[in-house]
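K.L.:
If you scroll down you'll find the structure; I have some questions about it.
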Amino acid sequence: MGFSSIICQSVFFREFLVIFYGNELVLGFILSAWLLSIALGARAYQWAAGWIKDPAGLFLRLTFLFSLLPLALIPLIRLGRSLSGVDYGLFIPFSKMALLCMALVLAPAFIVGFTFPLGCGVIRGDRAVSLVFMAESAGSLAGGVIFSLFLARHASAIQAGALLLILFLIPLACHVIARQGKTLKARLVVAGFCVLGAGAVIGAPAMEDATVLARWRTLVKDLPLAASLNSPYQNLALTRQEDQYSVFFNGVYGYSFPDGYGDAAAAHHVLAQCPRPDNVLVIGQVTPEFAGECLKEPVKKLTAVYFDPAILQLTGPYLTAGQLKTLADPRVETVFQDGRLFVRTCRRKFDLIYLSLPDPSNALINRHYTVEFFREAARILEPGGVLAVRLTSSENYSGGEVLDYSRTLYRTVREVFPFVALCPSTPSFFFAGSEKGSATEDPAVLFGRYQERNIKDTVFTPYIFESLYDARRAALKREALEKMADAPINSDDAPAAYLQSLRLWDRYSSSRLAPVISFFQGKKAGFYLIFPGAALLLFALYLFAFNGGHRQARILCTQFTVASTGLTAMGLSLILTFTYQNVFGSLYEKLGLLLASFMLGLFLGGAEAGRQIGTKKAGLAGFIAVPAQAALVAVMMPVFTGFTHQMPPVFSFLFHGAMAMTGFLTGQAFPLGAHILAQGEMDGREAAARVDWADHLGGAVGALVMGAFLMPVIGMASAARLLALLEVTALLMWGLLRLKHRH
């Protein structure tokens, strides 16, 4: 169950990421829905425990049902936009996004939550909880490793579902044979299992193709799909309409080819902003036509950084011999590496760096628009060099969320570069440099540079500079952007531009959450102390004003401690996950491995708790030490994440170690909490169910509040400190309990 659970989460995340246009907000929604459903399953077991007569038989039946669900749910996820009533090309409202995640992960996660205490009831004994917990964690660890290293690269989502089905059919067949021997009924059941497994494997490719095509029709209905593939980094789709091809990244339009005029205009416009573009670095979308136009200029070296080599794998068969010849030109260097990582580790200097990327509508792309990245880019620019930043915006509209978004990015660029030239066209550009006069808003200067280079055989005309840099529109644009006293700086810790993109998403999808986001965005981190303070106050009132009983208060303290540790562990793991993406790139493939590291920590924490229980050393002092450790880890987390921005790729294992540490915390709290409850005249199965409920409820709240709210609003460092205060609240509750009942 642990093995399959982690693979299901990883596959579901990839599938939801495509229909939600690559927005990582879905990670918080999925984890929250998954953990909440597990908590509901554990709660349901508490109600149903008295009616269960054959725990082992029910366990196997439920796991068989679980094994069927991925093959049923993956097609439903791919049709999620239709199920939510959102037409193709439109943004899904956040509320529908959350409800869709909940509806489609409810059944498998509910079974996971129900079968955990059920399995503890089958095994029984003092160490039952820790043994089942360790088994589930070990399976999750193996699942995360296998998914990241094999399934994400070599298997489709449907094939992964078929693998999970076969994985469960084998022990089920063994169980049938063990119970019924070689009877005709047993042989028929086993034969049915074989047919089911073979059918799933044989039918997987056809089912994959059909559901991918159905998903595409909900994303971009009017463009026929020519090819689609899942790379380790994203979903890529290619459409063809006559001789025009378009590439889409996780359902979002990337670029089209051939586009002779568009590529020529972009190339010569950007290169004209650099007085001497000898060495040019382009991060993002580099078509053969764009590269060809750059080579008509006095460019000695054009370095094109693709973060996903599968882009050329997808488009290669559709390129002409001339286009392939352009890419093979010795002046063109193709690098397959994350753009942010390339800039951070590069030892060369460039005259021009061009960010040919989509707007920062998700956290992955936003990493290339932060103050930290701009500082890294400034380091590898030659004196007089220019950084070109492209933004999609309307030249005739500069109000509301669009203006806030542009102000944030403008102020972030100005934080690093003292001189910024504006192009108010659509798309708009910021051309930034450290020396005055390198980049310019004077169309005559740009015209002169272009003419001096004696460029031939191009459809571009330099007379367009006059309209691109209309003095009146440029002045209005600069005046609007300069009113930026309250504009936040976009940083890795507090991704303000990403938050502004969420507000734009909110407007486009009519979610009507912008006032809520604005209300909390204006609050300092201290405002959020209200919530742990309220929990402590209510507990104090229960103890002293209403004279709460010792047993019930002890249960409340135990469950709150487990829940708060689960919330903190989930929050810290999300901070590490997004920091990992900031430093090393896409989560599309690596999420499974990061989750596996977390599960390794769960396993080790469960083993340590089991050792304490087995040697009769498990007591209240050891249990209360867990939130104290969690508070210390939360306080130190901003120090660690700050250090990682200078971390060489070879030290990425430190992230996995930190993830394991956060898992270790809740791995200890879970079995120890169940052991504490079982000492107070409570059945071991009920104790397991109560702790399972509390742990996953806390994790669900942590995933939703941290992943979808706190981190973008107040920043990851402040969020980590709030998690530390939550753990301190748990310690204070135990202190109040001891104060009340010390006699």
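All residue names refer to the structure tokens as shown: chains lettered A, B, ... in order, residues numbered from 1 in each chain, ligands numbered from 1 in order.
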Can you pull out the residues contacting region 30-32 of chain A? Cut-off 6 Å, using only C-alpha atoms, and skip same-chain residues under 4 positions away; I want them as a list of chain:residue names.
P.N.:
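Here the answer would be A:Val26, A:Leu36, A:Cys101, A:Ala700, A:Ala703, A:Leu704.
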K.L.:
Which residues are near region 423-435 of chain A? Cut-off 7 Å, only C-alpha atoms, ignore same chain within fewer than 3 positions. Put them as a list of chain:residue names.
P.N.:
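The residues satisfying every condition are A:Gly384, A:Gly385, A:Val386, A:Leu387, A:Ala388, A:Val389, A:Arg390, A:Leu391, A:Thr392, A:Ser393, A:Ser394, A:Glu395, A:Phe417, A:Pro418, A:Phe419, A:Val420, A:Ser438, A:Ala439, A:Leu468, A:Tyr469, A:Arg473, A:Ala474, A:Lys477.
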K.L.:
Hey, which of A:Leu536, A:Val112, A:Leu90, A:Ala634 ends up closest to Ile6 (chain A)? Count only C-alpha atoms.
P.N.:
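Smallest separation from Ile6 (chain A) among the options: A:Val112.
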K.L.:
Quick one: residues within 7 Å of Leu600 (chain A), only C-alpha atoms, excluding same-chain residues fewer than 5 positions away - as a list in words?
P.N.:
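Listing them by chain and then by number gives Ser137, Ala138, Leu141 and Ala660 of chain A.
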K.L.:
Excluding Glu208 (chain A) and its own-chain neighbours fewer than 6 positions away, which residues fall within 8 Å of it when counting only C-alpha atoms? Please give them as a ChimeraX atom specification.
P.N.:
/A:156-158
K.L.:
Just the residues within 8 Å of Gln244 (chain A), please, counting only C-alpha atoms, with nothing from its chain fewer than 5 positions along; format it as a VMD selection string.
P.N.:
chain A and resid 256 to 258
K.L.:
Excluding same-chain residues fewer than 2 positions from region 500-502 of chain A, what lies within 8 Å of it counting only C-alpha atoms, as an MDAnalysis selection string?
P.N.:
chainID A and resid 360:362 401 404:405 496:498 504:506
K.L.:
From the list A:Pro532, A:Pro330, A:Gly667, A:Gly203, which residue is nearest Leu731 (chain A) when using only C-alpha atoms?
P.N.:
A:Pro532
K.L.:
So, counting only C-alpha atoms, which residue among A:Lys456, A:Arg472, A:His675, A:Arg449 is closest to Thr558 (chain A)?
P.N.:
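Nearest candidate to Thr558 (chain A) out of A:Lys456, A:Arg472, A:His675, A:Arg449: A:His675.
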K.L.:
So which one's closest to Ala72 (chain A), A:Met636, A:Ile111, A:Leu529, A:Leu165? Using only C-alpha atoms, please.
P.N.:
A:Leu165
K.L.:
Please run DSSP on the backbone and report, as number ranges by chain, all residues within region 361-590 of chain A that come out as alpha helix (DSSP H).
P.N.:
A: 363-366, 371-379, 400-416, 443-452, 465-468, 471-482, 496-509, 514-521, 530-540, 550-584
K.L.:
I'd like the contact shell of region 168-171 of chain A - 7 Å cut-off, only C-alpha atoms, skipping same-chain residues fewer than 4 positions apart - returned as a ChimeraX atom specification.
P.N.:
/A:64,67,164,175,193
K.L.:
Point out the residue among A:Leu409, A:Val562, A:Leu476, A:Ala103 with the least atom-to-atom distance to Asn490 (chain A), counting only C-alpha atoms.
P.N.:
A:Leu409
K.L.:
Output as JSON lines one row per residue of region 661-699 of chain A within 9 Å of region 564-586 of chain A: the closest atom pair and its distance in Å to one decimal place, counting only C-alpha atoms, sorted by chain and residue number ascending.
P.N.:
```
{"residue": "A:Met661", "atom": "CA", "partner": "A:Ala569", "partner_atom": "CA", "distance": 9.0}
{"residue": "A:Thr662", "atom": "CA", "partner": "A:Ala569", "partner_atom": "CA", "distance": 5.2}
{"residue": "A:Gly663", "atom": "CA", "partner": "A:Ala569", "partner_atom": "CA", "distance": 6.5}
{"residue": "A:Phe664", "atom": "CA", "partner": "A:Ala569", "partner_atom": "CA", "distance": 8.8}
{"residue": "A:Leu665", "atom": "CA", "partner": "A:Ala569", "partner_atom": "CA", "distance": 7.0}
{"residue": "A:Thr666", "atom": "CA", "partner": "A:Gly566", "partner_atom": "CA", "distance": 5.7}
{"residue": "A:Ala669", "atom": "CA", "partner": "A:Thr565", "partner_atom": "CA", "distance": 7.2}
{"residue": "A:Phe670", "atom": "CA", "partner": "A:Gly566", "partner_atom": "CA", "distance": 8.8}
{"residue": "A:Ala694", "atom": "CA", "partner": "A:Gly566", "partner_atom": "CA", "distance": 8.1}
{"residue": "A:Asp695", "atom": "CA", "partner": "A:Gly566", "partner_atom": "CA", "distance": 5.1}
{"residue": "A:His696", "atom": "CA", "partner": "A:Gly566", "partner_atom": "CA", "distance": 6.7}
{"residue": "A:Leu697", "atom": "CA", "partner": "A:Gly566", "partner_atom": "CA", "distance": 8.0}
{"residue": "A:Gly698", "atom": "CA", "partner": "A:Leu567", "partner_atom": "CA", "distance": 4.4}
{"residue": "A:Gly699", "atom": "CA", "partner": "A:Leu567", "partner_atom": "CA", "distance": 4.4}
```
K.L.:
Write a file of the just-selected residues containing N, CA, C and O atoms, as a compact mmCIF listing (two decimals), in the first residue's frame.
P.N.:
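Result file is selection.txt:
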```txt
# COMPACT_ATOMS: atom_id res chain seq x y z
N MET A 661 14.97 14.14 7.53
CA MET A 661 14.89 14.63 8.90
C MET A 661 13.47 15.06 9.25
O MET A 661 12.97 14.75 10.34
N THR A 662 12.79 15.74 8.32
CA THR A 662 11.41 16.15 8.61
C THR A 662 10.51 14.93 8.73
O THR A 662 9.59 14.90 9.56
N GLY A 663 10.75 13.90 7.90
CA GLY A 663 9.97 12.67 8.02
C GLY A 663 10.24 11.95 9.32
O GLY A 663 9.34 11.35 9.91
N PHE A 664 11.48 12.03 9.80
CA PHE A 664 11.85 11.37 11.05
C PHE A 664 11.02 11.91 12.22
O PHE A 664 10.65 11.16 13.13
N LEU A 665 10.72 13.20 12.18
CA LEU A 665 9.96 13.81 13.27
C LEU A 665 8.58 13.19 13.40
O LEU A 665 8.18 12.71 14.47
N THR A 666 7.82 13.20 12.31
CA THR A 666 6.48 12.63 12.38
C THR A 666 6.53 11.12 12.45
O THR A 666 5.60 10.49 12.97
N ALA A 669 6.61 10.61 16.12
CA ALA A 669 5.40 11.05 16.80
C ALA A 669 4.25 10.08 16.63
O ALA A 669 3.46 9.86 17.55
N PHE A 670 4.14 9.48 15.44
CA PHE A 670 2.99 8.62 15.15
C PHE A 670 2.92 7.40 16.08
O PHE A 670 1.95 7.23 16.82
N ALA A 694 -5.34 12.24 13.41
CA ALA A 694 -4.71 13.50 13.80
C ALA A 694 -3.51 13.83 12.92
O ALA A 694 -3.34 14.98 12.47
N ASP A 695 -2.68 12.83 12.64
CA ASP A 695 -1.47 13.05 11.85
C ASP A 695 -1.81 13.53 10.45
O ASP A 695 -1.25 14.52 9.95
N HIS A 696 -2.74 12.85 9.80
CA HIS A 696 -3.05 13.20 8.42
C HIS A 696 -3.92 14.45 8.33
O HIS A 696 -3.85 15.19 7.33
N LEU A 697 -4.72 14.72 9.34
CA LEU A 697 -5.47 15.98 9.35
C LEU A 697 -4.49 17.15 9.46
O LEU A 697 -4.62 18.16 8.75
N GLY A 698 -3.51 17.02 10.35
CA GLY A 698 -2.48 18.07 10.47
C GLY A 698 -1.70 18.23 9.18
O GLY A 698 -1.44 19.35 8.72
N GLY A 699 -1.36 17.09 8.55
CA GLY A 699 -0.65 17.16 7.28
C GLY A 699 -1.48 17.82 6.19
O GLY A 699 -0.96 18.58 5.37
```
K.L.:
Using only C-alpha atoms, pick whichever of A:Gly619, A:Pro93, A:Pro275, A:Gly85 has the shortest atom-to-atom distance to Thr440 (chain A).
P.N.:
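Looking at the shortest contact to Thr440 (chain A), the residue is A:Pro275.
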K.L.:
In region 376-447 of chain A, what's strand (DSSP E) per DSSP? Answer as an mmCIF file with all heavy atoms, in the first residue's frame?
P.N.:
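What landed in selection.cif:
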```
data_model
loop_
_atom_site.group_PDB
_atom_site.id
_atom_site.type_symbol
_atom_site.label_atom_id
_atom_site.label_comp_id
_atom_site.auth_asym_id
_atom_site.auth_seq_id
_atom_site.Cartn_x
_atom_site.Cartn_y
_atom_site.Cartn_z
ATOM 1 N N LEU A 381 27.578 38.844 -16.877
ATOM 2 C CA LEU A 381 27.498 39.830 -17.957
ATOM 3 C C LEU A 381 28.824 40.584 -18.081
ATOM 4 O O LEU A 381 29.435 40.958 -17.079
ATOM 5 C CB LEU A 381 26.376 40.830 -17.700
ATOM 6 C CG LEU A 381 24.955 40.445 -18.138
ATOM 7 C CD1 LEU A 381 23.966 41.517 -17.705
ATOM 8 C CD2 LEU A 381 24.879 40.224 -19.640
ATOM 9 N N GLU A 382 29.248 40.799 -19.315
ATOM 10 C CA GLU A 382 30.420 41.625 -19.564
ATOM 11 C C GLU A 382 30.104 43.079 -19.192
ATOM 12 O O GLU A 382 28.934 43.475 -19.143
ATOM 13 C CB GLU A 382 30.797 41.566 -21.048
ATOM 14 C CG GLU A 382 31.292 40.219 -21.527
ATOM 15 C CD GLU A 382 32.746 39.972 -21.170
ATOM 16 O OE1 GLU A 382 33.331 40.793 -20.430
ATOM 17 O OE2 GLU A 382 33.302 38.955 -21.620
ATOM 18 N N PRO A 383 31.117 43.900 -18.913
ATOM 19 C CA PRO A 383 30.868 45.335 -18.711
ATOM 20 C C PRO A 383 30.128 45.909 -19.928
ATOM 21 O O PRO A 383 30.534 45.702 -21.065
ATOM 22 C CB PRO A 383 32.273 45.925 -18.573
ATOM 23 C CG PRO A 383 33.109 44.779 -18.088
ATOM 24 C CD PRO A 383 32.545 43.552 -18.728
ATOM 25 N N GLY A 384 29.051 46.601 -19.680
ATOM 26 C CA GLY A 384 28.232 47.113 -20.768
ATOM 27 C C GLY A 384 27.244 46.101 -21.304
ATOM 28 O O GLY A 384 26.518 46.389 -22.271
ATOM 29 N N GLY A 385 27.204 44.915 -20.695
ATOM 30 C CA GLY A 385 26.276 43.879 -21.139
ATOM 31 C C GLY A 385 24.840 44.209 -20.772
ATOM 32 O O GLY A 385 24.562 45.053 -19.915
ATOM 33 N N VAL A 386 23.889 43.497 -21.411
ATOM 34 C CA VAL A 386 22.466 43.790 -21.262
ATOM 35 C C VAL A 386 21.703 42.500 -20.951
ATOM 36 O O VAL A 386 21.969 41.443 -21.550
ATOM 37 C CB VAL A 386 21.894 44.432 -22.546
ATOM 38 C CG1 VAL A 386 20.379 44.591 -22.458
ATOM 39 C CG2 VAL A 386 22.558 45.780 -22.793
ATOM 40 N N LEU A 387 20.760 42.610 -20.007
ATOM 41 C CA LEU A 387 19.818 41.539 -19.724
ATOM 42 C C LEU A 387 18.469 41.930 -20.319
ATOM 43 O O LEU A 387 17.944 43.016 -20.024
ATOM 44 C CB LEU A 387 19.675 41.324 -18.213
ATOM 45 C CG LEU A 387 18.555 40.363 -17.776
ATOM 46 C CD1 LEU A 387 18.911 38.928 -18.136
ATOM 47 C CD2 LEU A 387 18.292 40.474 -16.277
ATOM 48 N N ALA A 388 17.896 41.072 -21.169
ATOM 49 C CA ALA A 388 16.605 41.328 -21.807
ATOM 50 C C ALA A 388 15.546 40.431 -21.178
ATOM 51 O O ALA A 388 15.695 39.208 -21.161
ATOM 52 C CB ALA A 388 16.692 41.076 -23.310
ATOM 53 N N VAL A 389 14.502 41.064 -20.656
ATOM 54 C CA VAL A 389 13.405 40.347 -19.998
ATOM 55 C C VAL A 389 12.123 40.644 -20.761
ATOM 56 O O VAL A 389 11.744 41.810 -20.919
ATOM 57 C CB VAL A 389 13.246 40.779 -18.523
ATOM 58 C CG1 VAL A 389 12.103 40.015 -17.868
ATOM 59 C CG2 VAL A 389 14.546 40.561 -17.761
ATOM 60 N N ARG A 390 11.454 39.605 -21.239
ATOM 61 C CA ARG A 390 10.222 39.773 -22.007
ATOM 62 C C ARG A 390 9.017 39.483 -21.126
ATOM 63 O O ARG A 390 9.012 38.526 -20.354
ATOM 64 C CB ARG A 390 10.213 38.809 -23.195
ATOM 65 C CG ARG A 390 8.990 38.921 -24.097
ATOM 66 C CD ARG A 390 8.996 37.858 -25.169
ATOM 67 N NE ARG A 390 8.862 36.520 -24.593
ATOM 68 C CZ ARG A 390 8.890 35.396 -25.309
ATOM 69 N NH1 ARG A 390 9.092 35.451 -26.616
ATOM 70 N NH2 ARG A 390 8.753 34.220 -24.716
ATOM 71 N N LEU A 391 7.981 40.320 -21.244
ATOM 72 C CA LEU A 391 6.746 40.133 -20.489
ATOM 73 C C LEU A 391 5.558 40.237 -21.425
ATOM 74 O O LEU A 391 5.524 41.103 -22.309
ATOM 75 C CB LEU A 391 6.604 41.194 -19.392
ATOM 76 C CG LEU A 391 7.648 41.214 -18.285
ATOM 77 C CD1 LEU A 391 7.391 42.399 -17.374
ATOM 78 C CD2 LEU A 391 7.607 39.921 -17.500
ATOM 79 N N PHE A 419 20.263 50.786 -14.507
ATOM 80 C CA PHE A 419 19.714 51.381 -15.720
ATOM 81 C C PHE A 419 18.796 50.375 -16.419
ATOM 82 O O PHE A 419 19.220 49.257 -16.743
ATOM 83 C CB PHE A 419 20.838 51.815 -16.669
ATOM 84 C CG PHE A 419 21.819 52.760 -16.033
ATOM 85 C CD1 PHE A 419 23.056 52.310 -15.602
ATOM 86 C CD2 PHE A 419 21.490 54.099 -15.830
ATOM 87 C CE1 PHE A 419 23.964 53.174 -15.011
ATOM 88 C CE2 PHE A 419 22.390 54.967 -15.226
ATOM 89 C CZ PHE A 419 23.616 54.503 -14.812
ATOM 90 N N VAL A 420 17.548 50.781 -16.630
ATOM 91 C CA VAL A 420 16.558 49.904 -17.256
ATOM 92 C C VAL A 420 15.839 50.679 -18.353
ATOM 93 O O VAL A 420 15.242 51.733 -18.096
ATOM 94 C CB VAL A 420 15.531 49.383 -16.233
ATOM 95 C CG1 VAL A 420 14.503 48.486 -16.929
ATOM 96 C CG2 VAL A 420 16.219 48.619 -15.108
ATOM 97 N N ALA A 421 15.899 50.164 -19.570
ATOM 98 C CA ALA A 421 15.160 50.739 -20.695
ATOM 99 C C ALA A 421 13.868 49.950 -20.876
ATOM 100 O O ALA A 421 13.862 48.717 -20.776
ATOM 101 C CB ALA A 421 15.997 50.682 -21.972
ATOM 102 N N LEU A 422 12.775 50.669 -21.153
ATOM 103 C CA LEU A 422 11.457 50.048 -21.283
ATOM 104 C C LEU A 422 11.021 50.032 -22.738
ATOM 105 O O LEU A 422 11.185 51.019 -23.458
ATOM 106 C CB LEU A 422 10.418 50.819 -20.476
ATOM 107 C CG LEU A 422 10.662 50.996 -18.976
ATOM 108 C CD1 LEU A 422 9.546 51.832 -18.373
ATOM 109 C CD2 LEU A 422 10.742 49.651 -18.287
ATOM 110 N N CYS A 423 10.434 48.922 -23.144
ATOM 111 C CA CYS A 423 9.743 48.857 -24.430
ATOM 112 C C CYS A 423 8.279 48.597 -24.119
ATOM 113 O O CYS A 423 7.925 47.511 -23.639
ATOM 114 C CB CYS A 423 10.312 47.746 -25.306
ATOM 115 S SG CYS A 423 9.401 47.539 -26.854
ATOM 116 N N SER A 428 5.931 43.406 -23.908
ATOM 117 C CA SER A 428 6.811 44.474 -23.436
ATOM 118 C C SER A 428 8.145 43.880 -23.001
ATOM 119 O O SER A 428 8.255 42.678 -22.774
ATOM 120 C CB SER A 428 6.160 45.237 -22.292
ATOM 121 O OG SER A 428 5.932 44.387 -21.188
ATOM 122 N N PHE A 429 9.161 44.752 -22.915
ATOM 123 C CA PHE A 429 10.505 44.304 -22.555
ATOM 124 C C PHE A 429 11.099 45.243 -21.515
ATOM 125 O O PHE A 429 10.812 46.443 -21.512
ATOM 126 C CB PHE A 429 11.431 44.302 -23.783
ATOM 127 C CG PHE A 429 11.171 43.222 -24.770
ATOM 128 C CD1 PHE A 429 10.208 43.379 -25.758
ATOM 129 C CD2 PHE A 429 11.898 42.040 -24.737
ATOM 130 C CE1 PHE A 429 9.968 42.389 -26.688
ATOM 131 C CE2 PHE A 429 11.666 41.040 -25.662
ATOM 132 C CZ PHE A 429 10.697 41.210 -26.644
ATOM 133 N N PHE A 430 11.930 44.652 -20.634
ATOM 134 C CA PHE A 430 12.844 45.414 -19.796
ATOM 135 C C PHE A 430 14.254 45.074 -20.287
ATOM 136 O O PHE A 430 14.622 43.901 -20.363
ATOM 137 C CB PHE A 430 12.732 45.035 -18.317
ATOM 138 C CG PHE A 430 11.397 45.315 -17.689
ATOM 139 C CD1 PHE A 430 10.957 44.555 -16.614
ATOM 140 C CD2 PHE A 430 10.581 46.332 -18.160
ATOM 141 C CE1 PHE A 430 9.734 44.804 -16.023
ATOM 142 C CE2 PHE A 430 9.356 46.593 -17.586
ATOM 143 C CZ PHE A 430 8.916 45.824 -16.512
ATOM 144 N N PHE A 431 15.039 46.091 -20.636
ATOM 145 C CA PHE A 431 16.437 45.890 -21.019
ATOM 146 C C PHE A 431 17.294 46.535 -19.940
ATOM 147 O O PHE A 431 17.293 47.757 -19.780
ATOM 148 C CB PHE A 431 16.718 46.508 -22.382
ATOM 149 C CG PHE A 431 15.941 45.872 -23.503
ATOM 150 C CD1 PHE A 431 14.798 46.479 -24.003
ATOM 151 C CD2 PHE A 431 16.343 44.658 -24.029
ATOM 152 C CE1 PHE A 431 14.080 45.901 -25.029
ATOM 153 C CE2 PHE A 431 15.624 44.061 -25.064
ATOM 154 C CZ PHE A 431 14.480 44.684 -25.561
ATOM 155 N N ALA A 432 18.010 45.711 -19.175
ATOM 156 C CA ALA A 432 18.706 46.192 -17.988
ATOM 157 C C ALA A 432 20.215 46.067 -18.147
ATOM 158 O O ALA A 432 20.723 45.129 -18.770
ATOM 159 C CB ALA A 432 18.251 45.394 -16.761
ATOM 160 N N GLY A 433 20.925 47.024 -17.575
ATOM 161 C CA GLY A 433 22.378 46.991 -17.613
ATOM 162 C C GLY A 433 22.979 47.773 -16.468
ATOM 163 O O GLY A 433 22.295 48.525 -15.770
#
```
K.L.:
So what do you get for CA of Val335 (chain A) versus CA of Gln285 (chain A), distance-wise?
P.N.:
12.2 Å
K.L.:
CA of Leu196 (chain A) and CA of Gln159 (chain A), how far apart in Å?
P.N.:
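We find that CA of Gln159 (chain A) and CA of Leu196 (chain A) lie 13.8 Å from each other.
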